[in-house]
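Colleague: The structure file my_file-v7.cif (mmCIF, C-alpha atoms and all ligand atoms) is provided below.
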data_protein
#
loop_
_atom_site.label_atom_id
_atom_site.label_comp_id
_atom_site.auth_asym_id
_atom_site.auth_seq_id
_atom_site.Cartn_x
_atom_site.Cartn_y
_atom_site.Cartn_z
CA MET A 982 99.93 84.78 83.05
CA GLU A 983 98.84 83.72 79.58
CA ILE A 984 95.94 85.64 78.08
CA GLY A 985 93.65 83.68 75.79
CA THR A 986 90.25 82.11 75.38
CA GLY A 987 88.31 82.30 78.60
CA THR A 988 90.57 84.79 80.40
CA ARG A 989 88.21 86.81 82.60
CA ALA A 990 89.26 90.45 82.49
CA LEU A 991 87.59 93.39 84.19
CA ILE A 992 88.58 96.84 82.88
CA THR A 993 87.52 100.13 84.44
CA GLY A 994 87.25 103.05 82.03
CA ALA A 995 86.49 100.66 79.19
CA SER A 996 84.12 102.99 77.33
CA ARG A 997 86.86 105.07 75.66
CA GLY A 998 90.58 105.53 75.10
CA ILE A 999 93.12 103.14 76.59
CA GLY A 1000 90.52 100.96 78.36
CA ARG A 1001 88.53 100.56 75.15
CA ALA A 1002 91.68 99.71 73.14
CA LEU A 1003 92.62 97.12 75.75
CA ALA A 1004 89.11 95.63 75.62
CA ILE A 1005 89.37 95.27 71.82
CA GLU A 1006 92.79 93.56 72.06
CA LEU A 1007 91.64 91.22 74.82
CA ALA A 1008 88.42 90.31 73.05
CA GLY A 1009 90.50 89.47 69.96
CA ARG A 1010 92.30 86.90 72.09
CA GLY A 1011 89.07 85.34 73.28
CA ALA A 1012 88.87 86.95 76.73
CA THR A 1013 85.57 87.35 78.57
CA LEU A 1014 85.31 90.99 79.53
CA GLY A 1015 83.78 93.05 82.30
CA LEU A 1016 83.45 96.50 80.75
CA ALA A 1017 83.13 99.11 83.49
CA ALA A 1018 82.43 102.86 83.22
CA ARG A 1019 79.61 105.33 83.76
CA SER A 1020 78.55 105.58 80.08
CA THR A 1021 76.58 102.39 79.47
CA ASP A 1022 75.60 103.41 75.91
CA GLU A 1023 79.25 103.54 74.88
CA LEU A 1024 79.95 100.27 76.68
CA ARG A 1025 77.00 98.61 74.97
CA ALA A 1026 78.13 99.83 71.54
CA LEU A 1027 81.61 98.51 72.26
CA ALA A 1028 80.34 95.14 73.52
CA ASP A 1029 78.18 94.79 70.39
CA SER A 1030 81.24 95.30 68.18
CA LEU A 1031 83.38 92.69 69.98
CA PRO A 1032 83.53 88.92 69.47
CA GLY A 1033 82.26 86.83 72.38
CA THR A 1034 79.90 87.71 75.23
CA HIS A 1035 80.83 90.57 77.53
CA HIS A 1036 79.43 92.06 80.69
CA ILE A 1037 78.47 95.71 80.94
CA LEU A 1038 79.14 97.06 84.40
CA ARG A 1039 77.82 100.52 85.08
CA CYS A 1040 79.94 101.97 87.84
CA ASP A 1041 81.49 105.12 89.23
CA VAL A 1042 84.91 104.08 90.49
CA GLY A 1043 85.00 106.97 92.95
CA ASP A 1044 82.05 105.42 94.76
CA GLU A 1045 83.21 102.41 96.76
CA ALA A 1046 79.81 100.68 96.83
CA SER A 1047 79.37 101.15 93.09
CA VAL A 1048 82.75 99.67 92.14
CA ARG A 1049 82.34 96.78 94.61
CA GLU A 1050 78.94 95.96 93.13
CA ALA A 1051 80.44 95.92 89.60
CA VAL A 1052 83.37 93.71 90.61
CA ASP A 1053 81.12 91.30 92.54
CA ALA A 1054 78.63 91.11 89.65
CA PHE A 1055 81.38 90.21 87.18
CA ALA A 1056 83.05 87.68 89.49
CA SER A 1057 79.79 85.90 90.25
CA ALA A 1058 78.70 85.87 86.59
CA THR A 1059 82.00 84.41 85.36
CA GLY A 1060 83.15 82.49 88.46
CA GLY A 1061 86.26 84.61 89.03
CA ILE A 1062 88.61 87.31 87.73
CA ASP A 1063 91.96 86.63 86.04
CA LEU A 1064 92.90 90.16 85.03
CA LEU A 1065 91.85 93.28 86.91
CA VAL A 1066 92.65 96.58 85.19
CA ALA A 1067 92.32 99.82 87.19
CA ASN A 1068 92.40 102.26 84.30
CA ALA A 1069 89.58 104.82 84.72
CA GLY A 1070 90.94 108.33 85.10
CA ILE A 1071 90.27 112.03 84.53
CA THR A 1072 92.27 115.27 84.34
CA HIS A 1073 91.71 118.93 85.03
CA TYR A 1074 94.75 120.86 83.86
CA GLY A 1075 95.32 124.47 84.89
CA PRO A 1076 97.20 126.63 87.38
CA PHE A 1077 96.68 125.17 90.85
CA ARG A 1078 95.52 128.52 92.26
CA ASP A 1079 92.61 128.47 89.78
CA GLN A 1080 91.51 124.91 90.41
CA THR A 1081 88.32 124.42 92.35
CA ALA A 1082 88.01 122.15 95.36
CA GLN A 1083 85.55 120.14 93.29
CA GLN A 1084 88.11 119.50 90.53
CA ILE A 1085 90.75 118.53 93.08
CA ARG A 1086 88.34 116.16 94.78
CA GLN A 1087 87.15 114.67 91.46
CA MET A 1088 90.70 113.81 90.36
CA THR A 1089 91.44 112.33 93.77
CA ASP A 1090 88.18 110.35 93.83
CA VAL A 1091 88.50 108.86 90.35
CA ASN A 1092 92.26 108.44 89.91
CA TRP A 1093 93.31 107.57 93.44
CA TYR A 1094 90.28 106.27 95.34
CA GLY A 1095 88.97 104.72 92.12
CA THR A 1096 92.16 102.69 91.85
CA VAL A 1097 92.29 101.51 95.45
CA PHE A 1098 88.54 100.78 95.56
CA THR A 1099 88.84 98.69 92.37
CA VAL A 1100 91.83 96.71 93.63
CA HIS A 1101 90.36 96.38 97.12
CA ALA A 1102 87.14 94.93 95.71
CA GLY A 1103 88.82 92.57 93.21
CA LEU A 1104 91.97 91.41 94.98
CA PRO A 1105 90.29 88.93 97.38
CA VAL A 1106 88.87 87.11 94.34
CA LEU A 1107 92.33 86.81 92.75
CA LEU A 1108 93.93 85.78 96.04
CA GLY A 1109 91.18 83.19 96.59
CA GLN A 1110 92.14 81.65 93.23
CA ALA A 1111 95.86 82.00 94.06
CA ALA A 1112 96.15 83.29 90.50
CA GLY A 1113 95.60 86.47 88.56
CA HIS A 1114 97.08 89.79 87.58
CA VAL A 1115 96.37 93.42 88.46
CA VAL A 1116 97.18 96.28 86.08
CA ILE A 1117 97.22 99.89 87.27
CA VAL A 1118 97.26 102.63 84.64
CA SER A 1119 99.20 105.53 86.15
CA SER A 1120 101.00 108.12 83.97
CA GLY A 1121 104.37 109.57 83.06
CA ALA A 1122 103.11 112.42 85.27
CA GLY A 1123 103.48 110.00 88.19
CA LEU A 1124 107.22 109.85 87.48
CA ARG A 1125 107.75 113.54 86.81
CA SER A 1126 104.89 115.98 87.24
CA PHE A 1127 104.35 119.21 85.31
CA PRO A 1128 103.14 122.74 85.88
CA TRP A 1129 99.31 122.88 85.62
CA ALA A 1130 99.15 119.16 86.39
CA ALA A 1131 100.17 119.27 90.05
CA VAL A 1132 97.08 117.53 91.44
CA TYR A 1133 96.74 115.15 88.48
CA GLY A 1134 100.44 114.22 88.87
CA ALA A 1135 99.97 113.71 92.59
CA THR A 1136 97.12 111.24 92.03
CA LYS A 1137 99.26 109.39 89.47
CA ALA A 1138 102.26 109.28 91.83
CA ALA A 1139 99.95 107.89 94.54
CA GLN A 1140 98.97 105.06 92.18
CA ARG A 1141 102.65 104.39 91.52
CA MET A 1142 103.67 104.02 95.16
CA PHE A 1143 100.57 101.94 95.89
CA GLY A 1144 101.25 99.58 92.99
CA GLU A 1145 104.96 99.26 93.63
CA ALA A 1146 104.39 98.29 97.25
CA LEU A 1147 101.54 95.94 96.39
CA ARG A 1148 103.57 94.06 93.75
CA HIS A 1149 106.05 93.15 96.49
CA GLU A 1150 103.31 92.41 99.00
CA LEU A 1151 101.76 89.92 96.56
CA SER A 1152 104.98 88.00 96.11
CA GLY A 1153 104.36 84.25 96.48
CA THR A 1154 100.57 84.53 96.32
CA GLY A 1155 100.17 83.59 92.65
CA VAL A 1156 98.86 87.11 92.00
CA SER A 1157 101.01 89.77 90.40
CA LEU A 1158 100.81 93.40 89.34
CA THR A 1159 102.04 95.58 86.50
CA MET A 1160 102.21 99.39 86.55
CA VAL A 1161 101.57 101.33 83.32
CA TYR A 1162 103.11 104.75 82.70
CA PRO A 1163 101.73 106.21 79.47
CA GLY A 1164 103.05 109.39 77.92
CA GLU A 1165 100.76 111.31 75.59
CA ILE A 1166 98.25 108.86 74.11
CA ALA A 1167 95.56 109.74 71.56
CA THR A 1168 92.36 109.42 73.63
CA SER A 1169 89.50 111.62 74.82
CA LEU A 1170 91.22 112.42 78.15
CA HIS A 1171 91.69 116.14 77.39
CA ASP A 1172 88.64 116.64 75.13
CA HIS A 1173 86.92 118.83 77.74
CA GLU A 1174 89.94 121.11 78.13
CA LYS A 1175 91.58 121.23 74.68
CA ASP A 1176 91.29 125.01 74.49
CA ARG A 1177 93.22 125.56 77.72
CA MET A 1178 96.03 123.01 77.68
CA PRO A 1179 99.44 124.28 78.82
CA GLU A 1180 102.03 125.43 76.30
CA TRP A 1181 104.30 122.43 76.94
CA TYR A 1182 101.59 119.95 76.04
CA ARG A 1183 101.97 118.43 72.55
CA GLY A 1184 99.43 115.59 72.50
CA GLY A 1185 96.88 115.90 69.71
CA PRO A 1186 97.83 114.25 66.42
CA ASP A 1187 101.39 113.61 67.68
CA ALA A 1188 100.15 111.45 70.54
CA ALA A 1189 100.88 107.71 70.48
CA PRO A 1190 98.02 105.35 69.50
CA ALA A 1191 96.08 103.63 72.29
CA ASP A 1192 96.02 100.27 70.49
CA ALA A 1193 99.86 100.13 70.47
CA LEU A 1194 99.83 100.72 74.24
CA ALA A 1195 97.16 98.05 74.71
CA LYS A 1196 99.39 95.49 72.94
CA LYS A 1197 102.32 96.47 75.21
CA ILE A 1198 100.15 96.04 78.31
CA ILE A 1199 99.09 92.54 77.25
CA MET A 1200 102.71 91.58 76.55
CA ALA A 1201 103.75 92.96 79.95
CA VAL A 1202 101.07 90.95 81.76
CA GLU A 1203 102.16 87.79 79.94
CA LYS A 1204 105.78 88.40 80.91
CA ASP A 1205 104.86 89.56 84.42
CA SER A 1206 106.74 92.83 83.83
CA ARG A 1207 106.98 95.26 86.69
CA ALA A 1208 106.07 98.24 84.50
CA VAL A 1209 105.22 99.46 81.01
CA HIS A 1210 106.53 102.84 79.84
CA PHE A 1211 105.04 103.98 76.55
CA PRO A 1212 106.37 105.74 74.56
CA LEU A 1213 109.84 104.79 75.84
CA LEU A 1214 110.79 108.45 76.32
CA VAL A 1215 108.64 108.35 79.47
CA LYS A 1216 111.12 105.89 80.97
CA ALA A 1217 114.07 108.13 80.11
CA LEU A 1218 112.34 111.06 81.78
CA GLY A 1219 111.56 109.02 84.90
CA VAL A 1220 115.14 107.73 85.18
CA LEU A 1221 116.62 111.17 84.62
CA HIS A 1222 114.29 112.76 87.17
CA GLY A 1223 115.24 110.07 89.71
CA VAL A 1224 118.93 110.76 89.20
CA SER A 1225 118.72 114.56 89.01
CA PRO A 1226 115.53 116.66 88.93
CA ARG A 1227 117.67 119.55 87.70
CA LEU A 1228 118.84 117.54 84.71
CA SER A 1229 115.29 116.49 83.93
CA ASP A 1230 114.27 120.20 84.06
CA ARG A 1231 116.89 120.92 81.40
CA PHE A 1232 115.82 117.93 79.35
CA LEU A 1233 112.20 119.08 79.48
CA ARG A 1234 113.09 122.66 78.56
CA ALA A 1235 114.99 121.37 75.53
CA LEU A 1236 112.13 119.06 74.60
CA ARG A 1237 109.04 121.14 75.42
CA GLY A 1238 110.19 124.71 75.97
CA ALA A 1239 110.48 126.83 79.10
CA ALA A 1240 106.82 126.35 80.11
CA ALA A 1241 107.58 122.72 81.02
CA ALA A 1242 110.10 123.67 83.75
CA PRO A 1243 110.15 127.47 84.12
CA ARG A 1244 112.22 127.76 87.31
CA VAL A 1245 115.98 127.40 86.88
CA ASP A 1246 117.51 125.97 90.05
N1 LIG A 1301 95.68 109.75 77.28
C1 LIG A 1301 96.83 110.04 77.83
O1 LIG A 1301 97.65 110.80 77.25
C2 LIG A 1301 97.19 109.45 79.16
C3 LIG A 1301 98.51 109.64 79.61
C4 LIG A 1301 98.87 109.12 80.83
C5 LIG A 1301 97.95 108.41 81.59
N2 LIG A 1301 96.68 108.25 81.13
C6 LIG A 1301 95.74 107.52 81.99
O2 LIG A 1301 95.10 106.52 81.25
C7 LIG A 1301 93.83 106.22 81.87
C8 LIG A 1301 92.75 106.15 80.80
O3 LIG A 1301 92.60 107.44 80.25
P1 LIG A 1301 92.33 107.70 78.70
O4 LIG A 1301 93.45 108.50 78.19
O5 LIG A 1301 91.93 106.46 78.03
O6 LIG A 1301 91.10 108.71 78.84
P2 LIG A 1301 89.62 108.71 78.25
O7 LIG A 1301 89.64 108.42 76.79
O8 LIG A 1301 89.02 109.99 78.68
O9 LIG A 1301 88.93 107.49 79.00
C9 LIG A 1301 88.73 107.56 80.37
C10 LIG A 1301 87.84 106.40 80.80
O10 LIG A 1301 87.65 106.48 82.22
C11 LIG A 1301 86.26 106.38 82.49
N3 LIG A 1301 85.91 107.11 83.71
C12 LIG A 1301 86.10 108.42 84.00
N4 LIG A 1301 85.59 108.70 85.20
C13 LIG A 1301 85.05 107.54 85.69
C14 LIG A 1301 84.37 107.19 86.87
N5 LIG A 1301 84.12 108.10 87.83
N6 LIG A 1301 83.97 105.90 87.03
C15 LIG A 1301 84.20 104.98 86.07
N7 LIG A 1301 84.84 105.26 84.92
C16 LIG A 1301 85.26 106.52 84.74
C17 LIG A 1301 85.58 106.98 81.26
O11 LIG A 1301 84.27 106.48 81.12
P3 LIG A 1301 82.94 107.27 81.59
O12 LIG A 1301 83.18 108.73 81.36
O13 LIG A 1301 81.91 106.67 80.71
O14 LIG A 1301 82.74 106.89 83.01
C18 LIG A 1301 86.47 106.45 80.15
O15 LIG A 1301 86.08 105.15 79.80
C19 LIG A 1301 93.61 107.30 82.91
O16 LIG A 1301 93.89 106.79 84.20
C20 LIG A 1301 94.60 108.38 82.54
O17 LIG A 1301 95.02 109.14 83.64
C21 LIG A 1301 96.29 108.74 79.94
#
Have the structure of the file written as structure tokens, please.

Modeller:
Amino acid sequence: MEIGTGTRALITGASRGIGRALAIELAGRGATLGLAARSTDELRALADSLPGTHHILRCDVGDEASVREAVDAFASATGGIDLLVANAGITHYGPFRDQTAQQIRQMTDVNWYGTVFTVHAGLPVLLGQAAGHVVIVSSGAGLRSFPWAAVYGATKAAQRMFGEALRHELSGTGVSLTMVYPGEIATSLHDHEKDRMPEWYRGGPDAAPADALAKKIIMAVEKDSRAVHFPLLVKALGVLHGVSPRLSDRFLRALRGAAAAPRVD
């Protein structure tokens, strides 16, 4: 699918980070945007800074009615949806035994249910047009999960299996799907937990820029790529883990220290 003037793109989690960077890139190409998140002030400030006219969609992706209302509002205002990006996500890192049921449920609601609710609400519009593209922002943690990110990784792996199956299911419909597996990207994802990130986590100033990922996502949609891995090391880790989890343990220990894979099998 070519992205240009008039492309109608709805992005969840557009107020910050990867979603915001994608909105900026798409607006630069003349797209009409549906900017969805809970923080309407941030969305409004973003919309005001972008060329073109954009739609602010207040929604909580974990709430099916809320996300459906946002998707319907955008589709009826613009007459359709060409690009649907399920990007909104949250983390709560920490030892699983210390995580609260509320944190577990929140990650599941936003990352997993948020994704399926978004796609479930938008897909009939794309299928009705027999054209369009879905993007699902998963994580490297969906390819190989880490200590202290067991639930987060599980929600990201759920997105992966959902998206991989759906890409096949959509074959021949005119609608396609690209999975995105980011590594550590400089965003506000961990801002609420910076003081208690695990030892293996590097992130911070070493993290890759969100605008570079946004450009890769747009290229991938235009080429109908199955997946984007960024930085590329994420792909190496996923491949290695698929071939031999033991080898990927060793690789991670060499890369991030013993905290990344403490058990030696
Ligand atoms: N940054 C990384 O290193 C990294 C790595 C791998 C994968 N990812 C994935 O990339 C995606 C984007 O994350 P990010 O790094 O850009 O994080 P971010 O800077 O914290 O942005 C997250 C976005 O999601 C929105 N959001 C959170 N809860 C929501 C809800 N209930 N309903 C609607 N919107 C909600 C936030 O807006 P409001 O708070 O205003 O609602 C915000 O716009 C996530 O799925 C994340 O798992 C990130």

Colleague: Quick one: of A:Arg1207, A:Lys1197, A:Lys1216, A:Arg989, who's nearest to Ser1057 of chain A, counting all atoms listed in the file?

Modeller: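 Residue with the minimum atom-to-atom distance to Ser1057 of chain A: A:Arg989.
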
Colleague: Find the residue from A:Tyr1094, A:Tyr1182, A:Phe1055, A:Phe1211 that sits nearest to His1035 of chain A; use all atoms listed in the file when measuring.

Modeller: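 Selected residue with least distance to His1035 of chain A: A:Phe1055.
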
Colleague: Around ligand LIG 1301 (chain A), out to 6 Å and counting all atoms listed in the file, which residues are there? I want them as a count of residues only.

Modeller: 32

Colleague: Residues within 12 Å of Glu1180 of chain A, please, as a ChimeraX atom specification. Count all atoms listed in the file; anything in the same chain fewer than 5 positions from it doesn't count.

Modeller: /A:1074-1075,1127-1129,1175,1234,1237-1243

Colleague: Starting from the point (96.9, 98.4, 97.9), work out which residues of protein, DNA or RNA have an atom no more than 7 Å away when counting all atoms listed in the file; state them as an mmCIF file with C-alpha atoms, in the frame of the given file.

Modeller:
data_model
loop_
_atom_site.group_PDB
_atom_site.id
_atom_site.type_symbol
_atom_site.label_atom_id
_atom_site.label_comp_id
_atom_site.auth_asym_id
_atom_site.auth_seq_id
_atom_site.Cartn_x
_atom_site.Cartn_y
_atom_site.Cartn_z
ATOM 1 C CA VAL A 1097 92.290 101.510 95.450
ATOM 2 C CA VAL A 1100 91.830 96.710 93.630
ATOM 3 C CA HIS A 1101 90.360 96.380 97.120
ATOM 4 C CA PHE A 1143 100.570 101.940 95.890
ATOM 5 C CA GLY A 1144 101.250 99.580 92.990
ATOM 6 C CA LEU A 1147 101.540 95.940 96.390
#

Colleague: Do a neighbour search on Ile1037 of chain A at 8 Å with only C-alpha atoms, toss out local chain neighbours closer than 3 positions, and write the hits as a ChimeraX atom specification.

Modeller: /A:1015-1017,1021,1024-1025,1028

Colleague: Go through A:Val1048, A:Thr1072, A:Gln1110, A:Met1142 and flag the residue nearest Phe1098 of chain A, using all atoms listed in the file for the distances.

Modeller: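 Looking only at the distances to Phe1098 of chain A, the closest residue turns out to be A:Val1048.
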
Colleague: Which of these, A:Ala1135, A:Val1052, A:Ala1122, A:Leu1221, has the shortest distance to Arg1039 of chain A once you count all atoms listed in the file?

Modeller: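 That would be A:Val1052, the residue with the smallest distance to Arg1039 of chain A.
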
Colleague: Please determine, counting only C-alpha atoms, which residue among A:Pro1076, A:Thr1096, A:Leu1213, A:Val1066 has the shortest atom-to-atom distance to Gly1113 of chain A.

Modeller: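 Closest to Gly1113 of chain A, using only C-alpha atoms: A:Val1066.
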
Colleague: Measuring atom to atom with all atoms listed in the file, identify which of A:Gln1083, A:Gly1134, A:Thr986, A:Gly1153 is nearest to Ala1111 of chain A.

Modeller: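 With all atoms listed in the file as the atom set, the closest residue is A:Gly1153.
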
Colleague: Taking the partial coordinates given, rebuild segment 991-1011 of chain A to contain N, CA and C atoms; return it as a CSV table (one decimal), in the frame of the given file.

Modeller:
chain,number,residue,atom,x,y,z
A,991,LEU,N,88.4,92.2,83.9
A,991,LEU,CA,87.6,93.4,84.2
A,991,LEU,C,88.4,94.7,84.0
A,992,ILE,N,87.9,95.6,83.2
A,992,ILE,CA,88.6,96.8,82.9
A,992,ILE,C,87.7,98.0,83.3
A,993,THR,N,88.2,98.9,84.1
A,993,THR,CA,87.5,100.1,84.4
A,993,THR,C,87.9,101.2,83.4
A,994,GLY,N,87.0,102.1,83.1
A,994,GLY,CA,87.2,103.0,82.0
A,994,GLY,C,87.3,102.4,80.7
A,995,ALA,N,86.4,101.4,80.4
A,995,ALA,CA,86.5,100.7,79.2
A,995,ALA,C,85.7,101.3,78.1
A,996,SER,N,85.0,102.4,78.4
A,996,SER,CA,84.1,103.0,77.3
A,996,SER,C,84.9,103.8,76.3
A,997,ARG,N,86.1,104.3,76.6
A,997,ARG,CA,86.9,105.1,75.7
A,997,ARG,C,88.4,104.8,75.9
A,998,GLY,N,89.1,105.4,74.9
A,998,GLY,CA,90.6,105.5,75.1
A,998,GLY,C,91.3,104.2,75.3
A,999,ILE,N,92.2,104.3,76.3
A,999,ILE,CA,93.1,103.1,76.6
A,999,ILE,C,92.3,101.9,77.0
A,1000,GLY,N,91.3,102.1,77.9
A,1000,GLY,CA,90.5,101.0,78.4
A,1000,GLY,C,89.8,100.3,77.2
A,1001,ARG,N,89.3,101.1,76.3
A,1001,ARG,CA,88.5,100.6,75.2
A,1001,ARG,C,89.5,99.8,74.2
A,1002,ALA,N,90.7,100.4,74.0
A,1002,ALA,CA,91.7,99.7,73.1
A,1002,ALA,C,92.1,98.4,73.8
A,1003,LEU,N,92.2,98.4,75.1
A,1003,LEU,CA,92.6,97.1,75.8
A,1003,LEU,C,91.5,96.1,75.6
A,1004,ALA,N,90.3,96.5,75.8
A,1004,ALA,CA,89.1,95.6,75.6
A,1004,ALA,C,89.1,95.0,74.2
A,1005,ILE,N,89.4,95.8,73.2
A,1005,ILE,CA,89.4,95.3,71.8
A,1005,ILE,C,90.5,94.2,71.6
A,1006,GLU,N,91.7,94.5,72.2
A,1006,GLU,CA,92.8,93.6,72.1
A,1006,GLU,C,92.5,92.3,72.8
A,1007,LEU,N,91.9,92.4,74.0
A,1007,LEU,CA,91.6,91.2,74.8
A,1007,LEU,C,90.5,90.4,74.2
A,1008,ALA,N,89.5,91.1,73.7
A,1008,ALA,CA,88.4,90.3,73.0
A,1008,ALA,C,88.9,89.5,71.8
A,1009,GLY,N,89.9,90.1,71.1
A,1009,GLY,CA,90.5,89.5,70.0
A,1009,GLY,C,91.2,88.2,70.4
A,1010,ARG,N,91.6,88.1,71.6
A,1010,ARG,CA,92.3,86.9,72.1
A,1010,ARG,C,91.3,85.9,72.8
A,1011,GLY,N,90.1,86.3,72.7
A,1011,GLY,CA,89.1,85.3,73.3
A,1011,GLY,C,88.7,85.6,74.7
